[in-house]
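Here the structure comes first, spelled out in structure tokens, and everything after it is commentary.
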Amino acid sequence: MISSPNNISSRWPADQRLAVSLGLAAALVAAILGLVVAFLSKESWPLLRDIELTRFLTDDGWHPTEQSYGMMPMLTATLAASFGALLLAAPLGLASALFCRFYAPPALARSYRRMLGLLAGIPSVVFGFWGLTVLVPLIARWEPPGASLLAAVLILALMVLPTVALTSDTALGAVPANWLHGAAALGLSRRGMLFGVAIPAARRGIFAGILLAAARALGETMAVLMVAGNVVQSPSSLFDPVRTMTANIALEMAYATGDHRASLFVTGLLLTALVLLLVLGTLRNTGEHGHA
Amino acid sequence: MRELIGKPAPDGPDLALTIAIWGGAALVAGSFLALLGDLLWHGAARVSWDFLVMAPEHAGKTGGIGPILASTVAILAVALLAALPLGLATAIWLSNFTRGGSLLARQVNLSLDVLAGVPSIVFGLFGNAFFSVVLGMGFSIAAGGLTLACMILPIFIRSVESGLSAVPDEWRRGAAALGLSQAAALRHILLPAAAPAISAGMMLGIGRALAETAALIFTSGYVDRMPESLLDSGRALAVHIYDLSMNVTGGDQAAYASALVLIVLLLAINSVAQTLTGRFLARRISQP
């Protein structure tokens, strides 16, 4: 192929210059991730240099102004909220995808997909505001104070559901029609076709969607900050107010100085590491770059 | 694909599954409509021309969102001015000038994939440490816009890249056979063919930037006066909603109205992006 995308040899000097300048732009983009990690590390360093890493997990409580940096309650809250949200969003998202692909009439499926797209685009601050004015009072009527782990779980579930649904929908759409014809010819029941053929065939895509949703839930700040109550404690029930790591950064960054500020950057590094693991897991799972 | 799974058995597990799936879909649609309906119901009464142009009074409880809209647009403009040229160049480089396996290409792809997943609050930390402190921009529209530019680069580059790689190879060969330089082929063939994808990527980026709050609190700040330069602090619409609902007692009314304005803006941008993507797909299909 003369002009395959890989062929950068050209007899035009203009092309050589273009290739160089475009390459520089690409290098700058590649450098952004490096810059982000470098600055998070630089700002965390004063604290990381002075204290043992394990103290972030073993210290008794979060009192950064008194050199006590126990992140365990907030880590627990982050993981509990994200896990709870996935527990709701994964089955509901999969059901939404099955609905689009196999149950809804085509026109309804189109509008439903469109709605999922819109739901995915609603700002987290609007989700948080709606949770604060509608959901929290509802929960408070049932079990005060309302602003709680449960509220965070419900709002997060609604937020990450479109990610699971749209990824699963694409994955289910890629299942070869032959396989479903074959299953029909074998006389499988509807349930047998969906759970025996379609879902297993699309499982990589579905799993990738769940990992992406997990990354989104772990990193969500505003919605959780607005509905979770923000008390630093390990939750003992769904109705306890909790503070997640992301909410903690947003709340304390405004006035934190010195080691306290550094401890917030450590939290940021930890979050980035968690998300990095999930993203790399997704890439390995789908065997390509996540944008497909 | 609906016909593929046949008629459900009239009773037993198939029926239960049908009920569960329709029920799940109805629950999701119901929640979405409840959210949208609630915003419309409470917000529509307050939204008016005056609300859009007036300055906020009493911490935003009364008055309007004029300066806040201006700051939002300014932040968006900075983000786009930084992200579009850089993103376009990177996407062209990725799709036309490199082998997928080269070291730099792998680095760029990894950077984009990870950046797409980095939590927005972490971008806020980075923006504060880098743009606000090290580059000395302080809390400003410029710092907020540049932070957002880092955030929207991945989604923009991926859209442009997919648009460019969807251009048929015959067109590239045809251009090469005519002796066009790659620069000329880009300008006259590839970029026009990918234009809808570029616009759609831009719309997606704008949508993401408009929705962002956490990355802006510590970069562009809270000041709700009309900004006079890019180095002034300016409050974005999303930050305004957050502030009204969390820090201002009795701010709910204004927060509803602001949220409605934001949602309407996002819906409009989303439909433009959808239309552009649709036109792009139609153009591809109509090619022989």
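Ligands are numbered from 1 in the order shown, residues from 1 within each chain, and chains are lettered A, B, ... in the order they appear in the structure tokens.
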Check your understanding: So which residues touch Val114 in chain B within 12 Å, counting only C-alpha atoms, skipping near sequence neighbours fewer than 3 positions away, as JSON, numbers by chain?
Key -> {"A": [29, 30, 32, 33, 34, 36, 37, 212, 215, 272, 273, 274, 275, 276, 277, 278, 279, 280, 281, 282, 283, 289, 290, 291], "B": [107, 108, 109, 110, 111, 117, 118, 119, 150, 151, 153, 154, 155]}
**Study point:** For Leu33 in chain B: contacts at 10 Å, only C-alpha atoms, fewer than 5 positions along chain excluded, given as a list in words
**Key:**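 My reading of the contact set: Met115 and Leu119 of chain A; Leu27, Val28, Asp38 and Leu39 of chain B.
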Check your understanding: With distances taken over only C-alpha atoms, which of B:Val223, B:Leu267, B:Leu103, B:Val160 is nearest to chain A?
Key -> B:Leu267
**Study point:** Picked from range 202-246 of chain B by DSSP as alpha helix (DSSP H), as a VMD selection string
**Key:** chain B and resid 202 to 211 214 to 217 237 to 246
Could you turn the residues from that selection into a file that holds N, CA, C and O atoms, as an mmCIF file, in the first residue's frame?
```cif
data_model
loop_
_atom_site.group_PDB
_atom_site.id
_atom_site.type_symbol
_atom_site.label_atom_id
_atom_site.label_comp_id
_atom_site.auth_asym_id
_atom_site.auth_seq_id
_atom_site.Cartn_x
_atom_site.Cartn_y
_atom_site.Cartn_z
ATOM 1 N N MET B 202 -15.833 17.419 19.521
ATOM 2 C CA MET B 202 -15.796 18.712 20.192
ATOM 3 C C MET B 202 -17.024 18.877 21.090
ATOM 4 O O MET B 202 -16.919 19.312 22.237
ATOM 5 N N MET B 203 -18.181 18.481 20.577
ATOM 6 C CA MET B 203 -19.411 18.592 21.367
ATOM 7 C C MET B 203 -19.329 17.709 22.613
ATOM 8 O O MET B 203 -19.743 18.112 23.709
ATOM 9 N N LEU B 204 -18.806 16.502 22.450
ATOM 10 C CA LEU B 204 -18.669 15.622 23.609
ATOM 11 C C LEU B 204 -17.753 16.265 24.643
ATOM 12 O O LEU B 204 -18.010 16.221 25.849
ATOM 13 N N GLY B 205 -16.669 16.871 24.159
ATOM 14 C CA GLY B 205 -15.740 17.542 25.067
ATOM 15 C C GLY B 205 -16.408 18.706 25.786
ATOM 16 O O GLY B 205 -16.249 18.862 27.006
ATOM 17 N N ILE B 206 -17.179 19.499 25.045
ATOM 18 C CA ILE B 206 -17.876 20.624 25.674
ATOM 19 C C ILE B 206 -18.846 20.113 26.738
ATOM 20 O O ILE B 206 -18.931 20.655 27.845
ATOM 21 N N GLY B 207 -19.551 19.035 26.407
ATOM 22 C CA GLY B 207 -20.484 18.461 27.368
ATOM 23 C C GLY B 207 -19.782 18.048 28.648
ATOM 24 O O GLY B 207 -20.228 18.344 29.758
ATOM 25 N N ARG B 208 -18.653 17.399 28.497
ATOM 26 C CA ARG B 208 -17.898 16.944 29.660
ATOM 27 C C ARG B 208 -17.407 18.144 30.469
ATOM 28 O O ARG B 208 -17.479 18.164 31.687
ATOM 29 N N ALA B 209 -16.940 19.183 29.763
ATOM 30 C CA ALA B 209 -16.388 20.349 30.457
ATOM 31 C C ALA B 209 -17.472 21.125 31.194
ATOM 32 O O ALA B 209 -17.275 21.579 32.315
ATOM 33 N N LEU B 210 -18.652 21.254 30.550
ATOM 34 C CA LEU B 210 -19.754 21.986 31.185
ATOM 35 C C LEU B 210 -20.213 21.290 32.460
ATOM 36 O O LEU B 210 -20.636 21.927 33.410
ATOM 37 N N ALA B 211 -20.150 19.957 32.462
ATOM 38 C CA ALA B 211 -20.671 19.186 33.586
ATOM 39 C C ALA B 211 -19.704 19.176 34.762
ATOM 40 O O ALA B 211 -20.058 18.757 35.853
ATOM 41 N N ALA B 214 -15.789 19.245 40.236
ATOM 42 C CA ALA B 214 -14.714 18.948 41.182
ATOM 43 C C ALA B 214 -13.369 19.501 40.717
ATOM 44 O O ALA B 214 -12.572 19.973 41.527
ATOM 45 N N ALA B 215 -13.113 19.469 39.408
ATOM 46 C CA ALA B 215 -11.814 19.925 38.918
ATOM 47 C C ALA B 215 -11.699 21.446 38.959
ATOM 48 O O ALA B 215 -10.611 21.994 38.831
ATOM 49 N N LEU B 216 -12.837 22.132 39.104
ATOM 50 C CA LEU B 216 -12.815 23.590 39.015
ATOM 51 C C LEU B 216 -12.771 24.283 40.371
ATOM 52 O O LEU B 216 -12.348 25.433 40.466
ATOM 53 N N ILE B 217 -13.224 23.592 41.434
ATOM 54 C CA ILE B 217 -13.329 24.264 42.730
ATOM 55 C C ILE B 217 -11.992 24.868 43.149
ATOM 56 O O ILE B 217 -11.940 25.980 43.662
ATOM 57 N N LEU B 237 -20.983 27.388 36.134
ATOM 58 C CA LEU B 237 -22.380 27.103 36.457
ATOM 59 C C LEU B 237 -22.502 25.898 37.402
ATOM 60 O O LEU B 237 -23.274 25.926 38.371
ATOM 61 N N ALA B 238 -21.741 24.844 37.130
ATOM 62 C CA ALA B 238 -21.828 23.639 37.969
ATOM 63 C C ALA B 238 -21.361 23.943 39.394
ATOM 64 O O ALA B 238 -21.958 23.468 40.370
ATOM 65 N N VAL B 239 -20.311 24.757 39.521
ATOM 66 C CA VAL B 239 -19.830 25.135 40.853
ATOM 67 C C VAL B 239 -20.894 25.966 41.580
ATOM 68 O O VAL B 239 -21.094 25.829 42.789
ATOM 69 N N HIS B 240 -21.602 26.797 40.807
ATOM 70 C CA HIS B 240 -22.669 27.631 41.369
ATOM 71 C C HIS B 240 -23.769 26.748 41.979
ATOM 72 O O HIS B 240 -24.241 26.999 43.096
ATOM 73 N N ILE B 241 -24.148 25.704 41.251
ATOM 74 C CA ILE B 241 -25.186 24.788 41.755
ATOM 75 C C ILE B 241 -24.713 24.143 43.058
ATOM 76 O O ILE B 241 -25.449 24.066 44.047
ATOM 77 N N TYR B 242 -23.458 23.711 43.068
ATOM 78 C CA TYR B 242 -22.906 23.078 44.263
ATOM 79 C C TYR B 242 -22.938 24.053 45.442
ATOM 80 O O TYR B 242 -23.410 23.718 46.533
ATOM 81 N N ASP B 243 -22.469 25.256 45.201
ATOM 82 C CA ASP B 243 -22.391 26.240 46.279
ATOM 83 C C ASP B 243 -23.781 26.575 46.819
ATOM 84 O O ASP B 243 -24.001 26.637 48.023
ATOM 85 N N LEU B 244 -24.743 26.774 45.901
ATOM 86 C CA LEU B 244 -26.097 27.124 46.325
ATOM 87 C C LEU B 244 -26.728 26.025 47.166
ATOM 88 O O LEU B 244 -27.402 26.286 48.161
ATOM 89 N N SER B 245 -26.506 24.766 46.777
ATOM 90 C CA SER B 245 -27.211 23.704 47.476
ATOM 91 C C SER B 245 -26.506 23.312 48.770
ATOM 92 O O SER B 245 -27.158 22.853 49.702
ATOM 93 N N MET B 246 -25.190 23.500 48.860
ATOM 94 C CA MET B 246 -24.486 23.059 50.065
ATOM 95 C C MET B 246 -24.207 24.196 51.048
ATOM 96 O O MET B 246 -24.251 24.002 52.255
#
```
Check your understanding: Which distance in Å separates CA of Gly23 in chain A and CA of Ala183 in chain B, to one decimal?
Key ->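 Taking CA of Gly23 in chain A and CA of Ala183 in chain B, their separation equals 14.0 Å.
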Practice item. Considering only C-alpha atoms, return as a PyMOL selection string whatever protein or nucleic-acid residues lie within 9 Å of range 128-135 of chain A, sequence-local ones (same chain, fewer than 4 positions apart) excluded. Key: (chain A and resi 123-124+139-140+146-147+151-152+154-155+222-227) or (chain B and resi 35+38-39+241-242+245-246+252+255-256+259)
Set the distance at 9 Å and use only C-alpha atoms: which residues neighbour Ala25 in chain B once local chain neighbours fewer than 4 positions away are removed? I'd like the list as a compact mmCIF listing (two decimals) with C-alpha atoms, in the first residue's frame.
```
# COMPACT_ATOMS: atom_id res chain seq x y z
CA LEU A 92 -29.91 -3.28 36.23
CA GLY A 93 -27.47 -2.19 33.53
CA ALA A 95 -31.14 -5.88 32.16
CA SER A 96 -31.27 -2.52 30.34
CA ALA A 97 -28.89 -3.83 27.67
CA PHE A 99 -34.03 -4.92 27.02
CA CYS A 100 -32.54 -2.80 24.23
CA TYR A 112 -34.19 3.95 25.46
CA ALA B 20 -37.77 -8.74 35.38
CA ILE B 21 -36.21 -7.14 32.29
CA ALA B 29 -36.49 5.12 32.79
CA GLY B 30 -38.65 6.07 35.78
```
Exercise for review: Determine, counting only C-alpha atoms, which protein, DNA and RNA residues have an atom within 9 Å of an atom of Met253 in chain A; residues of the same chain fewer than 6 positions away are not included. Present the result as a ChimeraX atom specification.
Suggested key: /A:260-261,264 /B:125,218
Check your understanding: Which residues, written as a list in words, have at least one atom at most 10 Å from Ile65 in chain B, with only C-alpha atoms counted and residues fewer than 2 positions away on the same chain left out?
Key ->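 With the cut-off at 10 Å, the set is Asp50, Phe51, Leu52, Val53, Met54, Ala55, Pro56, Glu57, Gly60, Thr62, Gly63, Pro67, Ile68, Leu69, Ala70, Ser71, Asp224, Arg225, Met226, Arg235, Ala236, Leu237, His240, Ala254, Ala257, Ser258 and Val261 of chain B.
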Check your understanding: At what distance in Å, to one decimal, does CA of Leu112 in chain B lie from CA of Gly201 in chain B?
Key ->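 Distance reported for this atom pair: 14.5 Å.
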Point to revise | Using only C-alpha atoms: which of A:Asp240, A:Thr76, A:Glu43, A:Phe102 has the shortest distance to Met193 in chain A | key: A:Phe102
Exercise for review: Report as an MDAnalysis selection string: the residues of range 41-202 of chain B with a DSSP assignment of strand (DSSP E or B), based on the backbone of this structure.
Suggested key: chainID B and resid 56:57 62:63
